[in-house]
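Data file: final-v3.pdb. Format and content: PDB, C-alpha atoms.
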ATOM      1  CA  MET A 260     -65.974  37.757-124.709  1.00  0.00           C
ATOM      2  CA  THR A 261     -63.114  35.748-123.300  1.00  0.00           C
ATOM      3  CA  HIS A 262     -61.739  32.454-124.586  1.00  0.00           C
ATOM      4  CA  GLN A 263     -60.686  31.445-121.071  1.00  0.00           C
ATOM      5  CA  HIS A 264     -64.151  30.235-120.061  1.00  0.00           C
ATOM      6  CA  ILE A 265     -63.756  27.050-118.081  1.00  0.00           C
ATOM      7  CA  PRO A 266     -66.724  24.731-118.547  1.00  0.00           C
ATOM      8  CA  SER A 267     -68.592  23.945-115.379  1.00  0.00           C
ATOM      9  CA  ILE A 268     -68.444  20.423-114.010  1.00  0.00           C
ATOM     10  CA  TYR A 269     -71.322  18.292-115.215  1.00  0.00           C
ATOM     11  CA  ALA A 270     -73.473  16.908-112.403  1.00  0.00           C
ATOM     12  CA  LEU A 271     -74.257  13.306-113.275  1.00  0.00           C
ATOM     13  CA  GLN A 272     -77.916  12.379-113.401  1.00  0.00           C
ATOM     14  CA  ASP A 273     -78.971   9.204-111.615  1.00  0.00           C
ATOM     15  CA  SER A 274     -79.803   7.725-115.032  1.00  0.00           C
ATOM     16  CA  ASP A 275     -76.202   8.478-116.196  1.00  0.00           C
ATOM     17  CA  ILE A 276     -74.815   6.632-113.183  1.00  0.00           C
ATOM     18  CA  LEU A 277     -77.059   3.608-113.670  1.00  0.00           C
ATOM     19  CA  HIS A 278     -76.272   3.390-117.416  1.00  0.00           C
ATOM     20  CA  LEU A 279     -72.545   3.666-116.714  1.00  0.00           C
ATOM     21  CA  LEU A 280     -72.641   0.991-114.001  1.00  0.00           C
ATOM     22  CA  ALA A 281     -74.650  -1.361-116.229  1.00  0.00           C
ATOM     23  CA  ALA A 282     -72.129  -0.910-119.055  1.00  0.00           C
ATOM     24  CA  LEU A 283     -68.977  -1.583-117.006  1.00  0.00           C
ATOM     25  CA  PRO A 284     -67.079  -4.780-117.815  1.00  0.00           C
ATOM     26  CA  ASN A 285     -68.253  -7.828-115.870  1.00  0.00           C
ATOM     27  CA  SER A 286     -64.769  -8.467-114.528  1.00  0.00           C
ATOM     28  CA  THR A 287     -62.994  -8.155-111.197  1.00  0.00           C
ATOM     29  CA  MET A 288     -61.721  -4.688-112.118  1.00  0.00           C
ATOM     30  CA  GLY A 289     -65.063  -3.637-113.604  1.00  0.00           C
ATOM     31  CA  ARG A 290     -66.773  -4.551-110.337  1.00  0.00           C
ATOM     32  CA  ARG A 291     -64.126  -2.730-108.255  1.00  0.00           C
ATOM     33  CA  TYR A 292     -64.515   0.443-110.296  1.00  0.00           C
ATOM     34  CA  GLY A 293     -68.297   0.109-110.134  1.00  0.00           C
ATOM     35  CA  PHE A 294     -68.093  -0.102-106.332  1.00  0.00           C
ATOM     36  CA  ALA A 295     -65.969   3.072-106.282  1.00  0.00           C
ATOM     37  CA  PHE A 296     -68.459   4.924-108.492  1.00  0.00           C
ATOM     38  CA  GLN A 297     -71.416   3.756-106.362  1.00  0.00           C
ATOM     39  CA  LEU A 298     -69.697   5.107-103.237  1.00  0.00           C
ATOM     40  CA  MET A 299     -68.755   8.391-104.909  1.00  0.00           C
ATOM     41  CA  ALA A 300     -72.277   9.009-106.238  1.00  0.00           C
ATOM     42  CA  THR A 301     -74.105   7.974-103.062  1.00  0.00           C
ATOM     43  CA  TYR A 302     -71.872   9.769-100.553  1.00  0.00           C
ATOM     44  CA  GLY A 303     -70.583  12.719-102.600  1.00  0.00           C
ATOM     45  CA  LEU A 304     -66.988  11.544-102.404  1.00  0.00           C
ATOM     46  CA  LYS A 305     -63.962  12.735-104.308  1.00  0.00           C
ATOM     47  CA  ALA A 306     -61.668  10.025-105.699  1.00  0.00           C
ATOM     48  CA  ALA A 307     -59.032  10.427-102.955  1.00  0.00           C
ATOM     49  CA  ASP A 308     -61.723  10.138-100.252  1.00  0.00           C
ATOM     50  CA  LEU A 309     -62.156   6.467-101.155  1.00  0.00           C
ATOM     51  CA  ARG A 310     -58.833   5.808 -99.411  1.00  0.00           C
ATOM     52  CA  TYR A 311     -60.179   7.083 -96.064  1.00  0.00           C
ATOM     53  CA  LEU A 312     -63.470   5.252 -95.547  1.00  0.00           C
ATOM     54  CA  GLN A 313     -64.316   3.477 -92.315  1.00  0.00           C
ATOM     55  CA  VAL A 314     -67.426   1.955 -90.805  1.00  0.00           C
ATOM     56  CA  ARG A 315     -68.609   2.765 -87.273  1.00  0.00           C
ATOM     57  CA  ASN A 316     -71.495   2.110 -84.871  1.00  0.00           C
ATOM     58  CA  GLN A 317     -71.900  -1.637 -85.327  1.00  0.00           C
ATOM     59  CA  ASP A 318     -71.267  -1.371 -89.072  1.00  0.00           C
ATOM     60  CA  THR A 319     -74.252   0.935 -89.670  1.00  0.00           C
ATOM     61  CA  GLU A 320     -72.518   4.227 -90.586  1.00  0.00           C
ATOM     62  CA  LEU A 321     -69.920   5.182 -93.141  1.00  0.00           C
ATOM     63  CA  TRP A 322     -67.326   7.728 -92.023  1.00  0.00           C
ATOM     64  CA  LEU A 323     -64.454   9.581 -93.628  1.00  0.00           C
ATOM     65  CA  ARG A 324     -61.354   9.101 -91.474  1.00  0.00           C
ATOM     66  CA  SER A 325     -59.565  12.195 -92.753  1.00  0.00           C
ATOM     67  CA  GLY A 326     -61.380  15.483 -92.948  1.00  0.00           C
ATOM     68  CA  ARG A 327     -58.958  17.128 -95.346  1.00  0.00           C
ATOM     69  CA  HIS A 328     -61.542  17.157 -98.169  1.00  0.00           C
ATOM     70  CA  ARG A 329     -64.520  17.557 -95.883  1.00  0.00           C
ATOM     71  CA  ALA A 330     -63.612  20.172 -93.286  1.00  0.00           C
ATOM     72  CA  GLU A 331     -66.934  21.848 -94.060  1.00  0.00           C
ATOM     73  CA  LEU A 332     -68.819  18.781 -92.778  1.00  0.00           C
ATOM     74  CA  SER A 333     -67.034  18.255 -89.486  1.00  0.00           C
ATOM     75  CA  GLY A 334     -66.244  21.919 -88.905  1.00  0.00           C
ATOM     76  CA  ARG A 335     -62.588  21.134 -88.283  1.00  0.00           C
ATOM     77  CA  PRO A 336     -59.998  19.778 -90.688  1.00  0.00           C
ATOM     78  CA  ASN A 337     -58.650  16.270 -90.057  1.00  0.00           C
ATOM     79  CA  GLU A 338     -61.612  15.354 -87.827  1.00  0.00           C
ATOM     80  CA  PRO A 339     -63.529  12.240 -88.850  1.00  0.00           C
ATOM     81  CA  CYS A 340     -66.994  12.931 -90.195  1.00  0.00           C
ATOM     82  CA  ARG A 341     -70.057  10.778 -90.747  1.00  0.00           C
ATOM     83  CA  LEU A 342     -71.172  10.567 -94.357  1.00  0.00           C
ATOM     84  CA  GLU A 343     -74.798  11.003 -95.367  1.00  0.00           C
ATOM     85  CA  ALA A 344     -76.131   8.846 -98.191  1.00  0.00           C
ATOM     86  CA  LEU A 345     -78.052  10.392-101.056  1.00  0.00           C
ATOM     87  CA  THR A 346     -79.415   7.307-102.758  1.00  0.00           C
ATOM     88  CA  VAL A 347     -79.340   6.963-106.527  1.00  0.00           C
ATOM     89  CA  VAL A 348     -82.837   6.222-107.854  1.00  0.00           C
ATOM     90  CA  ASN A 349     -83.890   4.510-111.064  1.00  0.00           C
ATOM     91  CA  VAL A 350     -86.309   5.906-113.639  1.00  0.00           C
ATOM     92  CA  ASP A 351     -89.271   4.598-111.599  1.00  0.00           C
ATOM     93  CA  GLY A 352     -88.027   6.431-108.506  1.00  0.00           C
ATOM     94  CA  THR A 353     -86.892   3.227-106.796  1.00  0.00           C
ATOM     95  CA  PRO A 354     -83.812   3.826-104.601  1.00  0.00           C
ATOM     96  CA  GLN A 355     -80.856   1.606-105.433  1.00  0.00           C
ATOM     97  CA  ASP A 356     -79.814  -0.454-102.418  1.00  0.00           C
ATOM     98  CA  TRP A 357     -76.187  -1.323-103.039  1.00  0.00           C
ATOM     99  CA  ASN A 358     -75.441  -2.275 -99.391  1.00  0.00           C
ATOM    100  CA  LEU A 359     -72.430   0.032 -99.493  1.00  0.00           C
ATOM    101  CA  VAL A 360     -71.816   0.273 -95.742  1.00  0.00           C
ATOM    102  CA  THR A 361     -71.905  -3.528 -95.400  1.00  0.00           C
ATOM    103  CA  ARG A 362     -69.595  -3.932 -98.386  1.00  0.00           C
ATOM    104  CA  VAL A 363     -67.066  -1.477 -96.921  1.00  0.00           C
ATOM    105  CA  ALA A 364     -67.355  -3.223 -93.535  1.00  0.00           C
ATOM    106  CA  HIS A 365     -66.617  -6.585 -95.188  1.00  0.00           C
ATOM    107  CA  GLY A 366     -63.553  -5.151 -96.902  1.00  0.00           C
ATOM    108  CA  GLU A 367     -64.756  -5.271-100.512  1.00  0.00           C
ATOM    109  CA  ARG A 368     -61.873  -4.145-102.666  1.00  0.00           C
ATOM    110  CA  LEU A 369     -61.724  -0.879-104.560  1.00  0.00           C
ATOM    111  CA  PRO A 370     -59.712  -0.327-107.738  1.00  0.00           C
ATOM    112  CA  PRO A 371     -56.090   0.813-107.492  1.00  0.00           C
ATOM    113  CA  LEU A 372     -56.156   4.485-106.533  1.00  0.00           C
ATOM    114  CA  GLY A 373     -52.487   5.308-106.007  1.00  0.00           C
ATOM    115  CA  SER A 374     -51.765   8.314-103.815  1.00  0.00           C
ATOM    116  CA  ASP A 375     -54.284  11.057-103.041  1.00  0.00           C
ATOM    117  CA  SER A 376     -52.948  13.131-105.928  1.00  0.00           C
ATOM    118  CA  GLU A 377     -53.177  10.174-108.349  1.00  0.00           C
ATOM    119  CA  ALA A 378     -56.666   8.917-107.471  1.00  0.00           C
ATOM    120  CA  ASP A 379     -58.562  11.183-109.887  1.00  0.00           C
ATOM    121  CA  GLN A 380     -56.270  10.198-112.759  1.00  0.00           C
ATOM    122  CA  HIS A 381     -56.601   6.462-112.025  1.00  0.00           C
ATOM    123  CA  LEU A 382     -60.400   6.660-112.149  1.00  0.00           C
ATOM    124  CA  GLU A 383     -60.408   9.066-115.120  1.00  0.00           C
ATOM    125  CA  THR A 384     -58.186   6.725-117.150  1.00  0.00           C
ATOM    126  CA  PHE A 385     -60.575   3.832-116.535  1.00  0.00           C
ATOM    127  CA  LEU A 386     -63.652   5.945-117.338  1.00  0.00           C
ATOM    128  CA  ASN A 387     -62.174   7.261-120.591  1.00  0.00           C
ATOM    129  CA  ASP A 388     -61.982   3.672-121.869  1.00  0.00           C
ATOM    130  CA  GLN A 389     -65.729   3.167-121.327  1.00  0.00           C
ATOM    131  CA  PRO A 390     -68.077   3.910-124.278  1.00  0.00           C
ATOM    132  CA  ALA A 391     -70.890   4.758-121.823  1.00  0.00           C
ATOM    133  CA  TRP A 392     -68.654   7.406-120.202  1.00  0.00           C
ATOM    134  CA  ARG A 393     -67.769   8.914-123.591  1.00  0.00           C
ATOM    135  CA  LYS A 394     -71.500   9.259-124.288  1.00  0.00           C
ATOM    136  CA  ILE A 395     -71.934  11.078-120.944  1.00  0.00           C
ATOM    137  CA  GLN A 396     -69.000  13.341-121.833  1.00  0.00           C
ATOM    138  CA  ASN A 397     -70.596  14.188-125.188  1.00  0.00           C
ATOM    139  CA  ASN A 398     -73.925  15.002-123.509  1.00  0.00           C
ATOM    140  CA  ALA A 399     -72.097  17.250-121.030  1.00  0.00           C
ATOM    141  CA  LEU A 400     -70.360  19.090-123.867  1.00  0.00           C
ATOM    142  CA  LEU A 401     -73.739  19.833-125.448  1.00  0.00           C
ATOM    143  CA  ALA A 402     -74.580  21.683-122.221  1.00  0.00           C
ATOM    144  CA  ALA A 403     -71.166  23.455-122.292  1.00  0.00           C
ATOM    145  CA  GLN A 404     -70.098  21.388-119.299  1.00  0.00           C
ATOM    146  CA  LYS A 405     -67.352  18.867-118.658  1.00  0.00           C
ATOM    147  CA  ALA A 406     -67.942  15.337-117.386  1.00  0.00           C
ATOM    148  CA  MET A 407     -65.066  14.227-115.178  1.00  0.00           C
ATOM    149  CA  VAL A 408     -64.438  12.178-112.050  1.00  0.00           C
ATOM    150  CA  ASP A 409     -65.733  15.072-109.925  1.00  0.00           C
ATOM    151  CA  SER A 410     -69.094  14.748-111.732  1.00  0.00           C
ATOM    152  CA  PHE A 411     -70.009  12.092-109.141  1.00  0.00           C
ATOM    153  CA  TYR A 412     -69.383  14.599-106.334  1.00  0.00           C
ATOM    154  CA  GLN A 413     -71.176  17.300-108.325  1.00  0.00           C
ATOM    155  CA  ARG A 414     -74.296  15.092-108.562  1.00  0.00           C
ATOM    156  CA  TYR A 415     -74.384  14.864-104.780  1.00  0.00           C
ATOM    157  CA  ALA A 416     -73.684  18.569-104.196  1.00  0.00           C
ATOM    158  CA  CYS A 417     -76.221  19.713-106.769  1.00  0.00           C
ATOM    159  CA  THR A 418     -78.953  17.410-105.491  1.00  0.00           C
ATOM    160  CA  THR A 419     -78.473  18.344-101.836  1.00  0.00           C
ATOM    161  CA  GLN A 420     -78.468  22.071-102.622  1.00  0.00           C
ATOM    162  CA  ASN A 421     -81.394  21.951-105.010  1.00  0.00           C
ATOM    163  CA  ARG A 422     -83.526  18.847-105.336  1.00  0.00           C
ATOM    164  CA  GLY A 423     -84.633  20.139-108.730  1.00  0.00           C
ATOM    165  CA  CYS A 424     -81.148  19.515-110.138  1.00  0.00           C
ATOM    166  CA  GLN A 425     -81.927  15.835-110.357  1.00  0.00           C
ATOM    167  CA  SER A 426     -84.456  16.106-113.145  1.00  0.00           C
ATOM    168  CA  HIS A 427     -83.199  19.104-115.136  1.00  0.00           C
ATOM    169  CA  ARG A 428     -80.069  21.108-114.555  1.00  0.00           C
ATOM    170  CA  HIS A 429     -80.509  24.864-114.837  1.00  0.00           C
ATOM    171  CA  ASN A 430     -77.664  26.027-112.637  1.00  0.00           C
ATOM    172  CA  GLY A 431     -74.250  27.076-113.838  1.00  0.00           C
ATOM    173  CA  GLY A 432     -72.527  24.232-112.063  1.00  0.00           C
TER     174      GLY A 432
END

Could you take the file, read its structure, and then write that structure out as structure tokens?
Amino acid sequence: MTHQHIPSIYALQDSDILHLLAALPNSTMGRRYGFAFQLMATYGLKAADLRYLQVRNQDTELWLRSGRHRAELSGRPNEPCRLEALTVVNVDGTPQDWNLVTRVAHGERLPPLGSDSEADQHLETFLNDQPAWRKIQNNALLAAQKAMVDSFYQRYACTTQNRGCQSHRHNGG
């Protein structure tokens, strides 16, 4: 047995996302971070991707301007790609309508992200100050997984690959 096992990334459950969003501070920065987390969960974005969003087709579609993180979607690196929403649903199965495309189109502000290489750390620092996030991290540890900024992306990836991931996670991450 090796001690170099790296825990798999925890895929956030929709209920985790909704609890986290509800617990964020009701402040300008709390709302900006909440907007970032809504976008990341709904569109399977990495933190740095938030810097490259654009709206097209009469403000009806959200696109990623740079394909550096998403070459697998467009087929070619650095080509813009259209993002597909995977709506977060509440416990009753009601999809959350956060009007994300409209909010991006209207220029709603995101939190400070810094450079591409700093974006994860900026969001992680904010999350680590949130009691609701620490609870999610503890739950992830119980499953020998690690909750981190990429857990938003992991929720999207897991759910698109296997719809069963949403209710109970049985994969290795």

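CA of Arg324 in chain A lies 8.9 Å from CA of Arg341 in chain A.
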
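You can rank A:Thr319, A:Gln355, A:Gln404, A:Thr384 by their closest distance to Tyr292 in chain A using all atoms listed in the file, and at the top of that list sits A:Thr384.
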
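The space separating CA of Ile268 in chain A from CA of Asp379 in chain A comes to 14.1 Å.
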
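Residue selection for this entry, given the PyMOL selection byres ((chain A and resi 414) around 10), comprises Ile268, Tyr269, Ala270, Leu271, Gln272, Asp273, Ile276, Met299, Ala300, Thr301, Tyr302, Gly303, Leu345, Val347, Asp409, Ser410, Phe411, Tyr412, Gln413, Tyr415, Ala416, Cys417, Thr418, Thr419, Cys424, Gln425 and Gly432 of chain A.
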
What lies within 9 Å of Asp275 in chain A using all atoms listed in the file, ignoring chain neighbours under 6 positions off, as a short mmCIF file (atom, residue, chain, number, x, y, z; two decimals) with C-alpha atoms, in the coordinates of the input?
data_model
loop_
_atom_site.label_atom_id
_atom_site.label_comp_id
_atom_site.auth_asym_id
_atom_site.auth_seq_id
_atom_site.Cartn_x
_atom_site.Cartn_y
_atom_site.Cartn_z
CA ALA A 391 -70.89 4.76 -121.82
CA TRP A 392 -68.65 7.41 -120.20
CA ILE A 395 -71.93 11.08 -120.94
#

So which one's closest to Pro354 in chain A, A:Gly289, A:Leu369, A:Ser274, A:His381? Using all atoms listed in the file, please. A:Ser274

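Selection by the PyMOL selection byres ((chain A and resi 390) around 12) on the present file picks out His278, Leu279, Leu280, Ala281, Ala282, Leu283, Pro284, Phe385, Leu386, Asn387, Asp388, Gln389, Ala391, Trp392, Arg393, Lys394, Ile395, Gln396 and Asn397 of chain A.
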
Around the point (-64.2, 1.4, -107.4) in the file's coordinates, collect all residues with an atom within 9 Å, using only C-alpha atoms, and return them as a PyMOL selection string. chain A and resi 288-299+309+368-372+382

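The environment of Val360 in chain A within 9 Å, counting only C-alpha atoms and disregarding residues fewer than 6 places along the same chain, consists of Gln313, Val314, Asp318, Thr319, Glu320 and Leu321 of chain A.
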
Distance in Å - CA of Thr287 in chain A versus CA of Gly366 in chain A: 14.6 Å

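Distances here use only C-alpha atoms; by that measure, the residue among A:Lys305, A:Ser267, A:Glu338, A:Thr346 closest to Glu383 in chain A is A:Lys305.
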
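In this comparison, which uses all atoms listed in the file, the residue of A:Ala403, A:Thr361, A:Glu367, A:Gln380 approaching Asn316 in chain A most closely is A:Thr361.
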
Taking the file as shown, what set of residues would the PyMOL selection byres ((chain A and resi 307) around 10) give back, as a count of residues only? 16
